[in-house]
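Visitor: Got a structure for you, model_28.pdb, holding PDB, C-alpha atoms.
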```pdb
ATOM      1  CA  MET A1064      97.689 117.142 110.237
ATOM      2  CA  LEU A1065      99.539 118.030 107.054
ATOM      3  CA  ILE A1066     103.210 117.434 106.237
ATOM      4  CA  HIS A1067     105.427 119.015 103.629
ATOM      5  CA  ILE A1068     106.766 116.327 101.252
ATOM      6  CA  GLY A1069     109.022 118.634  99.241
ATOM      7  CA  PHE A1070     108.771 121.397  96.644
ATOM      8  CA  GLY A1071     105.716 123.004  98.234
ATOM      9  CA  ASN A1072     103.670 119.789  98.176
ATOM     10  CA  ILE A1073     101.641 118.915 101.260
ATOM     11  CA  VAL A1074      99.908 115.661 102.233
ATOM     12  CA  ASN A1075      97.249 114.809 104.826
ATOM     13  CA  THR A1076      98.960 112.466 107.302
ATOM     14  CA  ALA A1077      95.634 110.902 108.328
ATOM     15  CA  LYS A1078      95.370 109.304 104.868
ATOM     16  CA  ILE A1079      98.893 107.798 104.781
ATOM     17  CA  ILE A1080      99.118 104.020 105.242
ATOM     18  CA  ALA A1081     102.863 103.645 104.682
ATOM     19  CA  ILE A1082     106.013 105.498 103.649
ATOM     20  CA  VAL A1083     108.396 103.137 101.877
ATOM     21  CA  SER A1084     111.611 103.134  99.879
ATOM     22  CA  PRO A1085     111.095 102.757  96.099
ATOM     23  CA  ASP A1086     114.006 100.349  95.632
ATOM     24  CA  SER A1087     112.351  96.942  96.061
ATOM     25  CA  ALA A1088     110.709  95.104  93.169
ATOM     26  CA  PRO A1089     107.253  94.903  94.842
ATOM     27  CA  ILE A1090     107.199  98.680  95.382
ATOM     28  CA  LYS A1091     108.336  99.275  91.794
ATOM     29  CA  ARG A1092     105.415  97.104  90.620
ATOM     30  CA  LEU A1093     103.033  98.972  92.942
ATOM     31  CA  VAL A1094     104.155 102.315  91.491
ATOM     32  CA  GLN A1095     103.944 101.048  87.897
ATOM     33  CA  ASN A1096     100.434  99.668  88.451
ATOM     34  CA  ALA A1097      99.348 102.954  90.047
ATOM     35  CA  LYS A1098     100.728 104.904  87.065
ATOM     36  CA  GLU A1099      98.825 102.660  84.634
ATOM     37  CA  LYS A1100      95.585 103.187  86.591
ATOM     38  CA  GLY A1101      96.120 106.938  86.970
ATOM     39  CA  LEU A1102      96.525 106.654  90.738
ATOM     40  CA  ALA A1103     100.124 107.897  90.995
ATOM     41  CA  ILE A1104     100.957 111.457  91.982
ATOM     42  CA  ASP A1105     104.510 112.537  91.171
ATOM     43  CA  ALA A1106     105.635 115.220  93.621
ATOM     44  CA  THR A1107     109.348 114.885  92.826
ATOM     45  CA  GLN A1108     109.635 117.858  90.444
ATOM     46  CA  GLY A1109     111.847 115.733  88.173
ATOM     47  CA  ARG A1110     114.178 114.604  90.969
ATOM     48  CA  LYS A1111     114.925 111.000  91.878
ATOM     49  CA  THR A1112     112.118 109.271  93.797
ATOM     50  CA  LYS A1113     113.382 108.518  97.286
ATOM     51  CA  SER A1114     110.111 107.581  98.975
ATOM     52  CA  VAL A1115     106.660 106.320  98.074
ATOM     53  CA  LEU A1116     103.650 107.251 100.179
ATOM     54  CA  VAL A1117     100.867 104.671 100.037
ATOM     55  CA  MET A1118      97.506 106.329 100.684
ATOM     56  CA  GLU A1119      94.147 105.001 101.945
ATOM     57  CA  ASN A1120      92.437 105.448  98.577
ATOM     58  CA  SER A1121      94.995 103.249  96.717
ATOM     59  CA  GLN A1122      96.853 106.288  95.416
ATOM     60  CA  VAL A1123     100.634 106.436  95.663
ATOM     61  CA  ILE A1124     102.582 109.659  95.991
ATOM     62  CA  LEU A1125     106.203 109.852  94.881
ATOM     63  CA  SER A1126     108.485 112.148  96.873
ATOM     64  CA  ALA A1127     112.108 113.224  96.484
ATOM     65  CA  LEU A1128     112.584 113.203 100.267
ATOM     66  CA  LEU A1129     113.863 110.179 102.181
ATOM     67  CA  PRO A1130     111.341 108.061 104.130
ATOM     68  CA  GLU A1131     113.243 108.870 107.335
ATOM     69  CA  THR A1132     112.828 112.600 106.691
ATOM     70  CA  LEU A1133     109.085 112.252 106.136
ATOM     71  CA  ALA A1134     108.668 110.017 109.201
ATOM     72  CA  GLY A1135     110.556 112.548 111.302
ATOM     73  CA  ARG A1136     108.279 115.333 110.092
ATOM     74  CA  MET A1137     105.220 113.257 110.974
ATOM     75  CA  GLN A1138     106.513 112.599 114.492
ATOM     76  CA  ALA A1139     107.605 116.210 115.025
ATOM     77  CA  GLY A1140     104.108 117.550 114.431
ATOM     78  CA  PRO A1141     103.049 120.730 112.635
ATOM     79  CA  GLU A1142     105.787 122.892 111.180
ATOM     80  CA  PRO A1143     105.668 126.319 109.559
ATOM     81  CA  LEU A1144     105.964 126.204 105.774
ATOM     82  CA  GLU A1145     108.789 128.269 104.308
ATOM     83  CA  GLU A1146     109.572 129.164 100.724
ATOM     84  CA  ASP A1147     112.843 127.645  99.504
ATOM     85  CA  GLY A1148     115.733 130.094  99.243
ATOM     86  CA  GLU A1149     114.164 132.996 101.124
ATOM     87  CA  GLY A1150     115.869 134.774 103.976
ATOM     88  CA  THR A1151     119.404 133.715 103.105
ATOM     89  CA  GLY A1152     120.743 137.241 102.706
ATOM     90  CA  ALA A1153     122.706 136.164  99.635
ATOM     91  CA  GLY A1154     123.013 138.375  96.602
ATOM     92  CA  SER A1155     123.993 141.622  98.246
ATOM     93  CA  ASN A1156     126.936 143.279  96.528
ATOM     94  CA  GLY A1157     127.465 145.949  99.154
ATOM     95  CA  GLY A1158     127.721 148.813  96.655
ATOM     96  CA  LYS A1159     130.273 149.662  93.950
TER      97      LYS A1159
END
```
Can you give me the file's structure in the form of structure tokens?
Guide:
Amino acid sequence: MLIHIGFGNIVNTAKIIAIVSPDSAPIKRLVQNAKEKGLAIDATQGRKTKSVLVMENSQVILSALLPETLAGRMQAGPEPLEEDGEGTGAGSNGGK
């Protein structure tokens, strides 16, 4: 199964070992070591990292979504992917 981790990025849930908060010192070291080894994937699009996904192959993926959000998506099962901002109906001026 695949889950959306934000900004159009999708991850295979079968390869995820853990989803953790990036705030603790051990996780910060894990992320720094992964960056030095070229094993870090930044999927935050420049936003603040709110969760770190630890993968089977020693890679770490940085996400701007909260761990609770990602865990909820994993438990909920497959979801349809939608483009951000579509279908809002905004922008119509209604004529002159």
Visitor: Which value, in Å to one decimal, gives the distance between CA of Ala1097 in chain A and CA of Gln1122 in chain A?
Guide: 6.8 Å
Visitor: Pick out the closest residue to Met1064 in chain A from this set: A:Ile1104, A:Arg1092, A:Lys1078, A:Val1117. Count all atoms listed in the file.
Guide: A:Lys1078
Visitor: Got a sec to resolve the PyMOL selection byres ((chain A and resi 1080) around 8) on this structure and send the residues as a PyMOL selection string?
Guide: chain A and resi 1078-1079+1081-1082+1116-1119
Visitor: Would you compute the distance between CA of Ala1088 in chain A and CA of Gln1138 in chain A? Give it in Å to one decimal.
Guide: 27.9 Å
Visitor: Of the candidates A:Leu1129, A:Met1137, A:Val1115, A:Val1074, which shows the shortest atom-to-atom distance to Leu1093 in chain A, using only C-alpha atoms?
Guide: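 Closest to Leu1093 in chain A, using only C-alpha atoms: A:Val1115.
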Visitor: In Å, with one decimal, what is the gap from CA of Ala1134 in chain A to CA of Pro1089 in chain A?
Guide: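 Distance between the two atoms: 20.9 Å.
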Visitor: Carefully work through the PyMOL selection byres ((chain A and resi 1068-1071) around 7) for this structure and note down the residues it includes, as a PyMOL selection string.
Guide: chain A and resi 1066-1067+1072-1074+1126-1128+1133
Visitor: Please, could you write that set of residues out with C-alpha atoms as a short mmCIF file (atom, residue, chain, number, x, y, z; two decimals), in the frame of the given file?
Guide:
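Okay, out_14.cif is ready:
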```cif
data_model
loop_
_atom_site.label_atom_id
_atom_site.label_comp_id
_atom_site.auth_asym_id
_atom_site.auth_seq_id
_atom_site.Cartn_x
_atom_site.Cartn_y
_atom_site.Cartn_z
CA ILE A 1066 103.21 117.43 106.24
CA HIS A 1067 105.43 119.02 103.63
CA ASN A 1072 103.67 119.79 98.18
CA ILE A 1073 101.64 118.92 101.26
CA VAL A 1074 99.91 115.66 102.23
CA SER A 1126 108.48 112.15 96.87
CA ALA A 1127 112.11 113.22 96.48
CA LEU A 1128 112.58 113.20 100.27
CA LEU A 1133 109.08 112.25 106.14
#
```
Visitor: Hey, which of A:Leu1125, A:Leu1065, A:Lys1098, A:Ala1103 ends up closest to Pro1085 in chain A? Count only C-alpha atoms.
Guide: A:Leu1125
Visitor: Go through A:Asp1086, A:Ala1077, A:Ala1106, A:Ser1114 and flag the residue nearest Glu1131 in chain A, using only C-alpha atoms for the distances.
Guide: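 That would be A:Ser1114, the residue with the smallest distance to Glu1131 in chain A.
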Visitor: Could you check the closest approach to Thr1132 in chain A for each of A:Lys1113, A:Asn1120, A:Lys1091, A:Gly1101 and tell me which residue wins, using all atoms listed in the file?
Guide: A:Lys1113
Visitor: Which one is closest to Leu1102 in chain A: A:Ser1121, A:Gly1135, A:Pro1130, A:Val1083? Count all atoms listed in the file.
Guide: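 Of A:Ser1121, A:Gly1135, A:Pro1130, A:Val1083, the one nearest Leu1102 in chain A is A:Ser1121, counting all atoms listed in the file.
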